[in-house]
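Novice: Supplied structure: protein_27.pdb, PDB, C-alpha atoms.
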ATOM      1  CA  MET M 660     -28.907  21.085  -0.102
ATOM      2  CA  THR M 661     -29.046  23.156  -3.221
ATOM      3  CA  GLN M 662     -29.603  26.756  -4.203
ATOM      4  CA  PHE M 663     -32.765  28.598  -5.106
ATOM      5  CA  ILE M 664     -32.127  31.487  -7.469
ATOM      6  CA  GLN M 665     -34.730  34.210  -7.260
ATOM      7  CA  GLU M 666     -35.834  36.321 -10.192
ATOM      8  CA  ASN M 667     -33.675  39.245  -9.138
ATOM      9  CA  GLY M 668     -30.636  36.996  -8.949
ATOM     10  CA  THR M 669     -30.547  36.573  -5.159
ATOM     11  CA  VAL M 670     -29.523  33.090  -4.140
ATOM     12  CA  ILE M 671     -31.120  31.301  -1.172
ATOM     13  CA  PRO M 672     -29.525  28.121   0.181
ATOM     14  CA  VAL M 673     -32.297  25.537   0.496
ATOM     15  CA  THR M 674     -32.760  21.984   1.716
ATOM     16  CA  VAL M 675     -34.938  19.688  -0.376
ATOM     17  CA  CYS M 676     -37.323  17.837   1.952
ATOM     18  CA  GLU M 677     -39.846  15.165   1.119
ATOM     19  CA  LEU M 678     -42.807  15.554   3.452
ATOM     20  CA  GLY M 679     -45.347  12.809   3.626
ATOM     21  CA  PRO M 680     -47.770  11.541   2.687
ATOM     22  CA  CYS M 681     -48.246  10.666   6.344
ATOM     23  CA  VAL M 682     -51.165   8.615   7.611
ATOM     24  CA  VAL M 683     -52.716   9.260  11.007
ATOM     25  CA  VAL M 684     -52.191   5.962  12.781
ATOM     26  CA  GLN M 685     -53.494   6.793  16.217
ATOM     27  CA  LYS M 686     -55.174   9.618  18.078
ATOM     28  CA  LYS M 687     -53.997   9.768  21.644
ATOM     29  CA  SER M 688     -56.313  11.468  24.087
ATOM     30  CA  VAL M 689     -56.042  12.734  27.642
ATOM     31  CA  GLU M 690     -58.733  10.345  28.883
ATOM     32  CA  LYS M 691     -57.133   7.244  27.459
ATOM     33  CA  ASP M 692     -53.410   7.924  27.234
ATOM     34  CA  GLY M 693     -52.879  10.768  29.667
ATOM     35  CA  TYR M 694     -51.877  13.227  26.949
ATOM     36  CA  SER M 695     -53.127  14.248  23.553
ATOM     37  CA  ALA M 696     -51.109  13.647  20.411
ATOM     38  CA  LEU M 697     -51.309  12.440  16.867
ATOM     39  CA  LYS M 698     -49.266   9.479  15.721
ATOM     40  CA  PHE M 699     -48.216   9.547  12.087
ATOM     41  CA  GLY M 700     -46.913   6.771   9.869
ATOM     42  CA  TYR M 701     -44.597   7.457   6.949
ATOM     43  CA  ALA M 702     -42.816   5.450   4.222
ATOM     44  CA  ASP M 703     -44.376   2.299   2.791
ATOM     45  CA  ALA M 704     -43.126  -0.984   4.146
ATOM     46  CA  LYS M 705     -43.241  -4.598   3.126
ATOM     47  CA  GLU M 706     -45.093  -6.957   5.381
ATOM     48  CA  LYS M 707     -42.003  -9.023   6.150
ATOM     49  CA  HIS M 708     -40.152  -5.973   7.455
ATOM     50  CA  LEU M 709     -42.592  -5.123  10.229
ATOM     51  CA  VAL M 710     -42.891  -6.688  13.632
ATOM     52  CA  LYS M 711     -46.185  -8.277  14.509
ATOM     53  CA  PRO M 712     -47.565  -5.726  17.019
ATOM     54  CA  ILE M 713     -47.200  -2.867  14.508
ATOM     55  CA  LYS M 714     -48.357  -4.938  11.574
ATOM     56  CA  ASP M 715     -51.450  -6.228  13.329
ATOM     57  CA  ASP M 716     -52.320  -2.806  14.660
ATOM     58  CA  LEU M 717     -52.168  -1.285  11.172
ATOM     59  CA  LYS M 718     -54.101  -4.178   9.662
ATOM     60  CA  LYS M 719     -56.813  -3.934  12.283
ATOM     61  CA  LYS M 720     -57.310  -0.267  11.421
ATOM     62  CA  ASN M 721     -57.223  -1.012   7.672
ATOM     63  CA  LEU M 722     -54.216   1.252   7.180
ATOM     64  CA  PRO M 723     -51.406   0.924   4.631
ATOM     65  CA  LEU M 724     -48.236  -0.603   6.064
ATOM     66  CA  LYS M 725     -45.761   2.047   7.163
ATOM     67  CA  ARG M 726     -42.377   1.710   8.802
ATOM     68  CA  ILE M 727     -41.572   5.127  10.333
ATOM     69  CA  PHE M 728     -43.730   6.528  13.116
ATOM     70  CA  THR M 729     -43.689   9.793  14.970
ATOM     71  CA  GLU M 730     -45.889  11.562  17.468
ATOM     72  CA  VAL M 731     -46.735  15.251  17.377
ATOM     73  CA  ASP M 732     -48.431  16.971  20.283
ATOM     74  CA  VAL M 733     -50.911  18.842  18.127
ATOM     75  CA  PHE M 734     -54.452  17.670  18.293
ATOM     76  CA  ASP M 735     -56.551  18.425  15.256
ATOM     77  CA  GLU M 736     -60.151  17.276  15.556
ATOM     78  CA  ALA M 737     -60.529  17.307  11.781
ATOM     79  CA  LEU M 738     -58.032  14.474  11.383
ATOM     80  CA  GLU M 739     -59.321  10.945  11.818
ATOM     81  CA  VAL M 740     -57.381   7.717  11.950
ATOM     82  CA  GLY M 741     -56.561   6.965   8.324
ATOM     83  CA  SER M 742     -56.594  10.533   7.030
ATOM     84  CA  VAL M 743     -53.556  11.614   5.059
ATOM     85  CA  VAL M 744     -51.399  14.652   5.720
ATOM     86  CA  SER M 745     -48.940  15.833   3.095
ATOM     87  CA  CYS M 746     -46.756  18.816   2.322
ATOM     88  CA  THR M 747     -49.783  20.825   1.192
ATOM     89  CA  ILE M 748     -50.359  21.960   4.775
ATOM     90  CA  PHE M 749     -47.423  24.311   4.210
ATOM     91  CA  ALA M 750     -47.358  27.269   1.874
ATOM     92  CA  GLU M 751     -44.631  29.531   0.600
ATOM     93  CA  ASN M 752     -43.174  31.941   3.167
ATOM     94  CA  ASP M 753     -44.480  29.913   6.113
ATOM     95  CA  VAL M 754     -42.188  29.871   9.116
ATOM     96  CA  VAL M 755     -41.477  26.362  10.379
ATOM     97  CA  ASN M 756     -39.495  24.518  13.032
ATOM     98  CA  VAL M 757     -37.607  21.433  11.935
ATOM     99  CA  SER M 758     -36.599  18.624  14.293
ATOM    100  CA  GLY M 759     -34.288  15.753  13.590
ATOM    101  CA  VAL M 760     -31.306  13.808  14.825
ATOM    102  CA  SER M 761     -28.127  15.802  14.253
ATOM    103  CA  LYS M 762     -24.952  14.422  12.734
ATOM    104  CA  GLY M 763     -22.810  12.569  15.251
ATOM    105  CA  LYS M 764     -19.443  14.162  15.996
ATOM    106  CA  GLY M 765     -18.069  11.394  18.224
ATOM    107  CA  PHE M 766     -16.074  12.180  21.357
ATOM    108  CA  ALA M 767     -15.461  15.908  21.090
ATOM    109  CA  GLY M 768     -13.431  18.352  23.149
ATOM    110  CA  VAL M 769     -14.802  21.447  24.820
ATOM    111  CA  ILE M 770     -13.842  23.801  21.991
ATOM    112  CA  LYS M 771     -15.985  21.992  19.431
ATOM    113  CA  ARG M 772     -18.637  20.905  21.929
ATOM    114  CA  TYR M 773     -19.202  24.083  23.935
ATOM    115  CA  GLY M 774     -17.279  26.743  22.061
ATOM    116  CA  PHE M 775     -14.591  27.304  24.713
ATOM    117  CA  GLY M 776     -11.970  29.790  23.660
ATOM    118  CA  GLY M 777      -8.888  27.607  24.125
ATOM    119  CA  GLY M 778      -5.391  28.872  24.604
ATOM    120  CA  ARG M 779      -2.715  30.425  22.462
ATOM    121  CA  LYS M 780      -1.226  28.310  19.711
ATOM    122  CA  THR M 781       2.175  30.020  19.636
ATOM    123  CA  HIS M 782       4.475  32.267  21.663
ATOM    124  CA  GLY M 783       5.536  29.494  24.018
ATOM    125  CA  SER M 784       2.033  28.591  25.056
ATOM    126  CA  ASN M 785       1.584  25.091  26.398
ATOM    127  CA  PHE M 786      -2.167  25.474  26.745
ATOM    128  CA  HIS M 787      -4.019  24.785  23.517
ATOM    129  CA  ARG M 788      -7.385  23.012  23.526
ATOM    130  CA  ALA M 789      -7.706  21.754  27.095
ATOM    131  CA  PRO M 790     -10.739  22.710  29.222
ATOM    132  CA  GLY M 791      -8.614  24.388  31.926
ATOM    133  CA  SER M 792      -9.549  24.442  35.566
ATOM    134  CA  ILE M 793     -12.695  22.491  36.410
ATOM    135  CA  GLY M 794     -13.107  23.657  39.989
ATOM    136  CA  ALA M 795     -11.716  25.648  42.887
ATOM    137  CA  CYS M 796      -9.904  24.495  46.073
ATOM    138  CA  ALA M 797     -11.036  23.416  49.551
ATOM    139  CA  TYR M 798     -14.384  24.821  48.714
ATOM    140  CA  PRO M 799     -16.190  23.177  46.983
ATOM    141  CA  SER M 800     -13.617  20.321  46.887
ATOM    142  CA  GLU M 801     -15.667  18.689  44.211
ATOM    143  CA  VAL M 802     -16.545  19.282  40.574
ATOM    144  CA  TRP M 803     -19.941  20.832  40.137
ATOM    145  CA  ARG M 804     -22.539  18.670  38.488
ATOM    146  CA  GLY M 805     -23.168  19.743  34.898
ATOM    147  CA  LYS M 806     -19.651  21.139  34.410
ATOM    148  CA  LYS M 807     -18.972  21.396  30.681
ATOM    149  CA  MET M 808     -16.469  18.702  29.818
ATOM    150  CA  PRO M 809     -15.411  16.738  26.742
ATOM    151  CA  GLY M 810     -17.727  13.959  25.687
ATOM    152  CA  HIS M 811     -20.020  12.664  23.034
ATOM    153  CA  TYR M 812     -21.351  15.392  20.766
ATOM    154  CA  GLY M 813     -24.078  15.287  18.137
ATOM    155  CA  ASP M 814     -26.369  12.382  17.229
ATOM    156  CA  LYS M 815     -29.054  13.966  19.358
ATOM    157  CA  ARG M 816     -32.510  15.254  18.607
ATOM    158  CA  VAL M 817     -32.355  18.990  17.937
ATOM    159  CA  THR M 818     -34.818  21.553  16.628
ATOM    160  CA  VAL M 819     -33.931  24.382  14.290
ATOM    161  CA  LYS M 820     -36.442  27.180  14.649
ATOM    162  CA  ASN M 821     -37.759  29.880  12.337
ATOM    163  CA  LEU M 822     -36.878  28.432   8.949
ATOM    164  CA  LYS M 823     -38.756  29.682   5.948
ATOM    165  CA  VAL M 824     -40.566  27.580   3.351
ATOM    166  CA  VAL M 825     -39.270  28.743  -0.016
ATOM    167  CA  LYS M 826     -41.273  26.581  -2.412
ATOM    168  CA  VAL M 827     -43.798  23.749  -2.333
ATOM    169  CA  PHE M 828     -44.197  21.032  -4.946
ATOM    170  CA  PRO M 829     -47.558  19.532  -3.931
ATOM    171  CA  GLU M 830     -47.706  16.802  -6.577
ATOM    172  CA  ARG M 831     -44.302  15.423  -5.546
ATOM    173  CA  ASN M 832     -44.642  16.016  -1.779
ATOM    174  CA  ILE M 833     -41.471  18.077  -1.747
ATOM    175  CA  ILE M 834     -40.818  21.418  -0.119
ATOM    176  CA  LEU M 835     -37.741  23.602  -0.147
ATOM    177  CA  ILE M 836     -36.772  24.947   3.267
ATOM    178  CA  SER M 837     -34.396  27.855   3.493
ATOM    179  CA  GLY M 838     -31.178  26.980   5.301
ATOM    180  CA  ALA M 839     -29.904  23.747   6.785
ATOM    181  CA  VAL M 840     -31.890  21.168   8.749
ATOM    182  CA  PRO M 841     -30.549  18.661  11.311
ATOM    183  CA  GLY M 842     -29.171  15.343  10.209
ATOM    184  CA  THR M 843     -27.534  13.660   7.282
ATOM    185  CA  ARG M 844     -28.885  13.149   3.803
ATOM    186  CA  ASN M 845     -31.968  10.917   3.756
ATOM    187  CA  SER M 846     -32.450  11.244   7.509
ATOM    188  CA  ILE M 847     -35.914  11.592   9.010
ATOM    189  CA  ILE M 848     -37.133  15.023  10.098
ATOM    190  CA  THR M 849     -40.322  16.459  11.527
ATOM    191  CA  VAL M 850     -41.502  19.808  10.199
ATOM    192  CA  ARG M 851     -44.093  21.782  12.086
ATOM    193  CA  GLU M 852     -45.616  25.184  11.862
ATOM    194  CA  LYS M 853     -44.200  27.710  14.242
TER     195      LYS M 853
ATOM    196  CA  MET C 140     -32.915  10.420 -10.948
ATOM    197  CA  ASP C 141     -31.746  11.878  -7.687
ATOM    198  CA  ILE C 142     -34.435  14.027  -6.037
ATOM    199  CA  ILE C 143     -32.159  17.034  -5.675
ATOM    200  CA  GLN C 144     -31.115  16.879  -9.321
ATOM    201  CA  SER C 145     -34.694  16.676 -10.533
ATOM    202  CA  ILE C 146     -35.701  19.593  -8.296
ATOM    203  CA  GLU C 147     -32.756  21.632  -9.554
ATOM    204  CA  LYS C 148     -33.964  21.025 -13.079
ATOM    205  CA  GLU C 149     -37.372  22.416 -12.174
ATOM    206  CA  ILE C 150     -36.237  25.506 -10.310
ATOM    207  CA  LYS C 151     -33.537  26.495 -12.766
ATOM    208  CA  PRO C 152     -34.401  30.116 -13.667
ATOM    209  CA  VAL C 153     -32.571  30.162 -17.011
ATOM    210  CA  ASP C 154     -31.492  27.210 -19.097
ATOM    211  CA  ARG C 155     -28.087  28.282 -20.239
ATOM    212  CA  LYS C 156     -25.299  26.277 -21.789
ATOM    213  CA  ILE C 157     -21.866  27.809 -21.941
ATOM    214  CA  ASP C 158     -19.831  27.434 -25.091
ATOM    215  CA  PHE C 159     -16.518  28.576 -23.694
ATOM    216  CA  SER C 160     -13.917  26.872 -21.599
ATOM    217  CA  VAL C 161     -11.156  27.852 -19.231
ATOM    218  CA  GLY C 162      -8.656  30.146 -20.916
ATOM    219  CA  ASP C 163     -11.121  31.928 -23.180
ATOM    220  CA  THR C 164     -11.665  35.648 -23.089
ATOM    221  CA  VAL C 165     -15.335  36.472 -22.591
ATOM    222  CA  LYS C 166     -17.551  39.499 -22.274
ATOM    223  CA  VAL C 167     -20.140  39.053 -19.539
ATOM    224  CA  HIS C 168     -23.237  41.173 -20.039
ATOM    225  CA  TYR C 169     -24.562  41.785 -16.568
ATOM    226  CA  ARG C 170     -27.901  43.493 -15.926
ATOM    227  CA  ILE C 171     -27.849  46.157 -13.262
ATOM    228  CA  VAL C 172     -31.024  47.579 -11.773
ATOM    229  CA  GLU C 173     -30.809  51.149 -10.565
ATOM    230  CA  GLY C 174     -34.129  52.193  -9.116
ATOM    231  CA  ASN C 175     -36.485  51.348 -11.951
ATOM    232  CA  ARG C 176     -33.885  51.721 -14.675
ATOM    233  CA  GLU C 177     -32.048  48.737 -15.988
ATOM    234  CA  ARG C 178     -28.810  48.766 -17.913
ATOM    235  CA  THR C 179     -26.189  46.282 -18.952
ATOM    236  CA  GLN C 180     -22.632  46.332 -17.744
ATOM    237  CA  ILE C 181     -19.895  44.454 -19.540
ATOM    238  CA  PHE C 182     -17.056  42.715 -17.771
ATOM    239  CA  GLU C 183     -14.395  41.417 -20.120
ATOM    240  CA  GLY C 184     -11.631  39.090 -19.033
ATOM    241  CA  ILE C 185     -10.113  35.626 -19.088
ATOM    242  CA  VAL C 186     -12.060  32.706 -17.647
ATOM    243  CA  ILE C 187      -9.665  31.266 -15.080
ATOM    244  CA  ALA C 188     -12.006  28.761 -13.425
ATOM    245  CA  ILE C 189     -15.317  27.018 -13.995
ATOM    246  CA  ASP C 190     -16.876  25.501 -10.892
ATOM    247  CA  ASN C 191     -19.465  22.817 -11.553
ATOM    248  CA  LYS C 192     -21.700  22.867  -8.504
ATOM    249  CA  GLY C 193     -25.106  22.005  -9.876
ATOM    250  CA  LEU C 194     -27.287  25.093  -9.784
ATOM    251  CA  GLY C 195     -24.432  26.993  -8.173
ATOM    252  CA  LYS C 196     -22.247  26.557 -11.251
ATOM    253  CA  ASN C 197     -20.139  29.645 -11.698
ATOM    254  CA  VAL C 198     -17.266  31.050 -13.708
ATOM    255  CA  THR C 199     -14.409  33.186 -12.446
ATOM    256  CA  VAL C 200     -13.405  35.941 -14.854
ATOM    257  CA  ARG C 201     -10.163  37.855 -14.367
ATOM    258  CA  LYS C 202      -9.073  41.059 -15.994
ATOM    259  CA  MET C 203      -6.380  43.660 -15.488
ATOM    260  CA  SER C 204      -7.847  47.025 -14.772
ATOM    261  CA  PHE C 205      -5.244  49.816 -14.634
ATOM    262  CA  ASP C 206      -2.576  47.292 -13.598
ATOM    263  CA  ILE C 207      -4.741  45.905 -10.813
ATOM    264  CA  GLY C 208      -6.104  42.423 -11.172
ATOM    265  CA  VAL C 209      -9.872  42.221 -10.798
ATOM    266  CA  GLU C 210     -11.739  38.937 -10.518
ATOM    267  CA  ARG C 211     -15.473  38.449 -10.558
ATOM    268  CA  ILE C 212     -17.418  35.271 -10.020
ATOM    269  CA  PHE C 213     -20.560  34.946 -12.097
ATOM    270  CA  PRO C 214     -23.211  32.308 -11.306
ATOM    271  CA  ILE C 215     -24.101  31.129 -14.771
ATOM    272  CA  PHE C 216     -27.746  30.382 -13.981
ATOM    273  CA  SER C 217     -28.355  33.868 -12.637
ATOM    274  CA  PRO C 218     -31.145  35.710 -14.471
ATOM    275  CA  ARG C 219     -29.133  38.897 -13.973
ATOM    276  CA  ILE C 220     -26.666  37.775 -16.623
ATOM    277  CA  ALA C 221     -27.923  38.696 -20.084
ATOM    278  CA  LYS C 222     -25.335  36.732 -22.020
ATOM    279  CA  PHE C 223     -21.782  35.525 -22.291
ATOM    280  CA  GLU C 224     -19.956  36.589 -25.427
ATOM    281  CA  VAL C 225     -16.786  34.815 -26.429
ATOM    282  CA  VAL C 226     -14.120  37.183 -27.695
ATOM    283  CA  ARG C 227     -11.108  34.937 -28.031
ATOM    284  CA  LYS C 228     -10.364  31.275 -27.540
ATOM    285  CA  GLY C 229      -7.249  30.608 -25.509
ATOM    286  CA  LYS C 230      -5.121  27.507 -25.118
ATOM    287  CA  ALA C 231      -5.019  26.214 -21.576
ATOM    288  CA  ARG C 232      -3.527  22.937 -20.401
ATOM    289  CA  ARG C 233      -5.078  22.938 -16.945
ATOM    290  CA  ALA C 234      -8.553  23.383 -15.499
ATOM    291  CA  LYS C 235      -7.808  26.240 -13.110
ATOM    292  CA  LEU C 236      -5.571  29.080 -14.267
ATOM    293  CA  TYR C 237      -4.730  30.457 -10.834
ATOM    294  CA  PHE C 238      -1.084  30.838 -11.901
ATOM    295  CA  LEU C 239      -2.165  33.871 -13.919
ATOM    296  CA  ARG C 240      -2.620  35.753 -10.661
ATOM    297  CA  GLU C 241       1.113  35.904 -10.168
ATOM    298  CA  ARG C 242       1.792  37.090 -13.676
ATOM    299  CA  THR C 243       1.483  40.439 -15.351
ATOM    300  CA  GLY C 244       2.046  41.802 -18.821
ATOM    301  CA  LYS C 245       3.057  39.498 -21.600
ATOM    302  CA  SER C 246       3.567  36.423 -19.425
ATOM    303  CA  ALA C 247      -0.065  36.630 -18.326
ATOM    304  CA  LYS C 248      -1.197  35.982 -21.881
ATOM    305  CA  LEU C 249      -2.408  32.681 -23.253
ATOM    306  CA  ARG C 250      -1.797  31.422 -26.763
ATOM    307  CA  GLU C 251      -4.797  31.681 -29.001
ATOM    308  CA  LYS C 252      -6.566  28.661 -30.388
ATOM    309  CA  ARG C 253      -6.599  28.803 -34.158
ATOM    310  CA  GLY C 254      -8.480  26.902 -36.834
ATOM    311  CA  LYS C 255     -11.624  24.912 -36.166
ATOM    312  CA  SER C 256     -11.268  24.766 -32.402
ATOM    313  CA  GLY C 257     -10.808  28.529 -32.251
ATOM    314  CA  LYS C 258     -14.082  29.314 -33.991
ATOM    315  CA  LEU C 259     -16.206  31.729 -32.006
ATOM    316  CA  GLY C 260     -19.805  31.137 -31.136
ATOM    317  CA  GLU C 261     -22.220  33.037 -28.963
ATOM    318  CA  ILE C 262     -24.830  31.861 -26.526
ATOM    319  CA  SER C 263     -27.405  34.310 -25.441
ATOM    320  CA  VAL C 264     -30.626  34.157 -23.536
ATOM    321  CA  PRO C 265     -33.563  35.993 -25.068
ATOM    322  CA  ALA C 266     -33.772  39.145 -23.031
ATOM    323  CA  GLU C 267     -37.131  39.830 -21.444
ATOM    324  CA  GLY C 268     -37.755  43.533 -21.890
ATOM    325  CA  ALA C 269     -35.202  45.547 -23.744
ATOM    326  CA  PRO C 270     -32.053  46.296 -21.760
ATOM    327  CA  ALA C 271     -31.970  50.071 -21.702
ATOM    328  CA  GLU C 272     -28.435  50.858 -22.793
ATOM    329  CA  THR C 273     -24.994  49.388 -22.851
ATOM    330  CA  SER C 274     -22.296  51.202 -20.984
ATOM    331  CA  GLU C 275     -18.852  49.944 -21.846
ATOM    332  CA  GLN C 276     -16.892  49.368 -18.657
ATOM    333  CA  GLY C 277     -17.821  52.790 -17.379
ATOM    334  CA  THR C 278     -19.157  51.917 -13.970
ATOM    335  CA  ASN C 279     -16.663  49.525 -12.524
ATOM    336  CA  PRO C 280     -15.507  51.061  -9.232
ATOM    337  CA  ALA C 281     -11.955  49.974  -9.905
ATOM    338  CA  GLU C 282     -11.736  52.152 -12.939
TER     339      GLU C 282
END
For the file at hand, write its structure as structure tokens.
Specialist:
Amino acid sequence: MTQFIQENGTVIPVTVCELGPCVVVQKKSVEKDGYSALKFGYADAKEKHLVKPIKDDLKKKNLPLKRIFTEVDVFDEALEVGSVVSCTIFAENDVVNVSGVSKGKGFAGVIKRYGFGGGRKTHGSNFHRAPGSIGACAYPSEVWRGKKMPGHYGDKRVTVKNLKVVKVFPERNIILISGAVPGTRNSIITVREK
Amino acid sequence: MDIIQSIEKEIKPVDRKIDFSVGDTVKVHYRIVEGNRERTQIFEGIVIAIDNKGLGKNVTVRKMSFDIGVERIFPIFSPRIAKFEVVRKGKARRAKLYFLRERTGKSAKLREKRGKSGKLGEISVPAEGAPAETSEQGTNPAE
């Protein structure tokens, strides 16, 4: 992340994202696949790094070798297999949703994971960060399914909605998105129009 | 070059180099827009910290205003800053002068740099449109 300083001195926190160029690898249709979607390929790959099914599929369609693939459930008739999509589909002030795999937090307690309030730290309190009671008595004499408990947190696909595109650099395939996006540096994200 | 660094270079609104260091006394000329009028306010004090954070690089300036310490943080790449003017070069042996916060009066002073290293220079950015007027310290709410 960095900062974007506007002309009047206002500072916007922005994330620098490289978007595309993505190649349409496959058009999935309701008749053939049961649902409609576009499959995109991103990031050039060497031949030795790809497995044969992917490599042969790309070669058969005369496409450049790519190593990262994603499906989006938009179906644009104008896009054919082989056509290229880049950051130019976005403009300044567009509102976008960004999906990606969030940073892993490991095994986390309920305060970090679900925002439980916790107990008092001082004044003789022996109850600090524990989840507290997880059920009642004779009824229901079990713990309800879905009860919020400690466990693995993060490292999960999440979508951040309603982020604003601050600036587009079409020749470098880079856009600046206001605010933070899921994931670490250099992680893969999907940006789509709201 | 790192992508973020190269992008920061492109979106930098003003290319400004600062010619002062921690311990110097500076006058910060800060543009204030009131309706459609624009004027320049001056904040004079000792630079107690310089934070190098890429585009978010900023300086902390501290002054005593009627016996009350006032600190302001100025982002150096902000277009709202007309210029930094160095008034006095001070000797400082550390990078952050936070110990000045606990001091008042004479003990809050720094020794002046003399000779070649104490020579004053001034860096200014060509002002687009003439700043209307300069009001000396008049509008600080603390005063």
Novice: Looking at C:Thr199, C:Ser246, C:Gln144, C:Ser160, which one is nearest to chain M, with distances taken over all atoms listed in the file?
Specialist: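 Closest to chain M, using all atoms listed in the file: C:Gln144.
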Novice: In Å to one decimal, how far is CA of Glu677 in chain M from CA of Val710 in chain M?
Specialist: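 It comes out at 25.4 Å.
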Novice: Any chance you could work out the residue set of the ChimeraX specification (/C :<8) & /M here, as a PDB file with C-alpha atoms, in the frame of the given file?
Specialist:
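result24.pdb was written with the following content:
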ATOM      1  CA  MET M 660     -28.907  21.085  -0.102  1.00  0.00           C
ATOM      2  CA  THR M 661     -29.046  23.156  -3.221  1.00  0.00           C
ATOM      3  CA  GLN M 662     -29.603  26.756  -4.203  1.00  0.00           C
ATOM      4  CA  PHE M 663     -32.765  28.598  -5.106  1.00  0.00           C
ATOM      5  CA  ILE M 664     -32.127  31.487  -7.469  1.00  0.00           C
ATOM      6  CA  GLN M 665     -34.730  34.210  -7.260  1.00  0.00           C
ATOM      7  CA  GLU M 666     -35.834  36.321 -10.192  1.00  0.00           C
ATOM      8  CA  ASN M 667     -33.675  39.245  -9.138  1.00  0.00           C
ATOM      9  CA  GLY M 668     -30.636  36.996  -8.949  1.00  0.00           C
ATOM     10  CA  VAL M 675     -34.938  19.688  -0.376  1.00  0.00           C
TER      11      VAL M 675
END
Novice: Restricting the calculation to only C-alpha atoms: of M:Leu724, M:Val817, M:Ala795, M:Val850, which residue gets closest to Gly763 in chain M?
Specialist: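 Of M:Leu724, M:Val817, M:Ala795, M:Val850, the one nearest Gly763 in chain M, counting only C-alpha atoms, is M:Val817.
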Novice: Rounded to one decimal in Å, what is the spacing between CA of Ile212 in chain C and CA of Thr243 in chain C?
Specialist: 20.3 Å
Novice: Quick one, how far is CA of Val161 in chain C from CA of Val200 in chain C?
Specialist: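 Going from CA of Val161 in chain C over to CA of Val200 in chain C covers 9.5 Å.
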Novice: Residue by residue, what does the PyMOL selection byres ((chain M and resi 738-749) around 7) grab here? Present the result as a ChimeraX atom specification.
Specialist: /M:678-686,722,735-737,750-751,753,829,832-834
Novice: Would you write out, as a count of residues only, every residue that the PyMOL selection byres ((chain M and resi 842-847) around 6) captures in this file?
Specialist: 5
Novice: Please identify all polymer residues within 8 Å of Phe182 in chain C, counting only C-alpha atoms, omitting same-chain residues fewer than 5 positions from it, and present them as a JSON list (two decimals) with C-alpha atoms, keeping the file's coordinate frame.
Specialist:
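Writing done, so here's selection13.json:
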[["chain", "number", "residue", "atom", "x", "y", "z"],
["C", 166, "LYS", "CA", -17.55, 39.50, -22.27],
["C", 167, "VAL", "CA", -20.14, 39.05, -19.54],
["C", 168, "HIS", "CA", -23.24, 41.17, -20.04],
["C", 169, "TYR", "CA", -24.56, 41.78, -16.57],
["C", 276, "GLN", "CA", -16.89, 49.37, -18.66]]
Novice: Name the closest residue to Gly810 in chain M among the candidates M:Gly768, M:Gly774, M:Pro672, M:Gly693; distances are taken between atoms, counting only C-alpha atoms.
Specialist: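 The answer is M:Gly768, which sits nearest to Gly810 in chain M.
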Novice: Could you tell me which of M:Met808, M:Val754, M:Ala839, M:Val733 comes closest to Ala767 in chain M if we count all atoms listed in the file?
Specialist: M:Met808
Novice: Excluding same-chain residues fewer than 3 positions from Arg851 in chain M, what lies within 8 Å of it counting only C-alpha atoms, as a PDB file with C-alpha atoms, in the coordinates of the input?
Specialist:
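Listed below is the output, out13.pdb:
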ATOM      1  CA  VAL M 755     -41.477  26.362  10.379  1.00  0.00           C
ATOM      2  CA  ASN M 756     -39.495  24.518  13.032  1.00  0.00           C
ATOM      3  CA  VAL M 757     -37.607  21.433  11.935  1.00  0.00           C
TER       4      VAL M 757
END
Novice: For Arg233 in chain C, which residue out of C:Arg211, C:Leu249, C:Glu173, C:Ile157 is the nearest one, using all atoms listed in the file?
Specialist: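 So, comparing all the options, the nearest one is C:Leu249.
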Novice: Box for range 238-242 of chain C: with edges along x, y and z, all listed atoms inside and 8 Å added on each side, what are the centre and edge lengths in Å to one decimal, as JSON?
Specialist:
{"center_x": -0.4, "center_y": 34.0, "center_z": -12.0, "size_x": 20.4, "size_y": 22.3, "size_z": 19.8}
Novice: Of the candidates C:Gln180, C:Lys222, C:Lys230, C:Val165, which shows the shortest atom-to-atom distance to Lys202 in chain C, using only C-alpha atoms?
Specialist: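 Checking each candidate against Lys202 in chain C, we get C:Val165 as the closest.
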Novice: Hey, what's within 9 Å of Ile770 in chain M if we count only C-alpha atoms and toss same-chain stuff fewer than 6 positions away? As a ChimeraX atom specification, please?
Specialist: /M:776-777,788-790,809
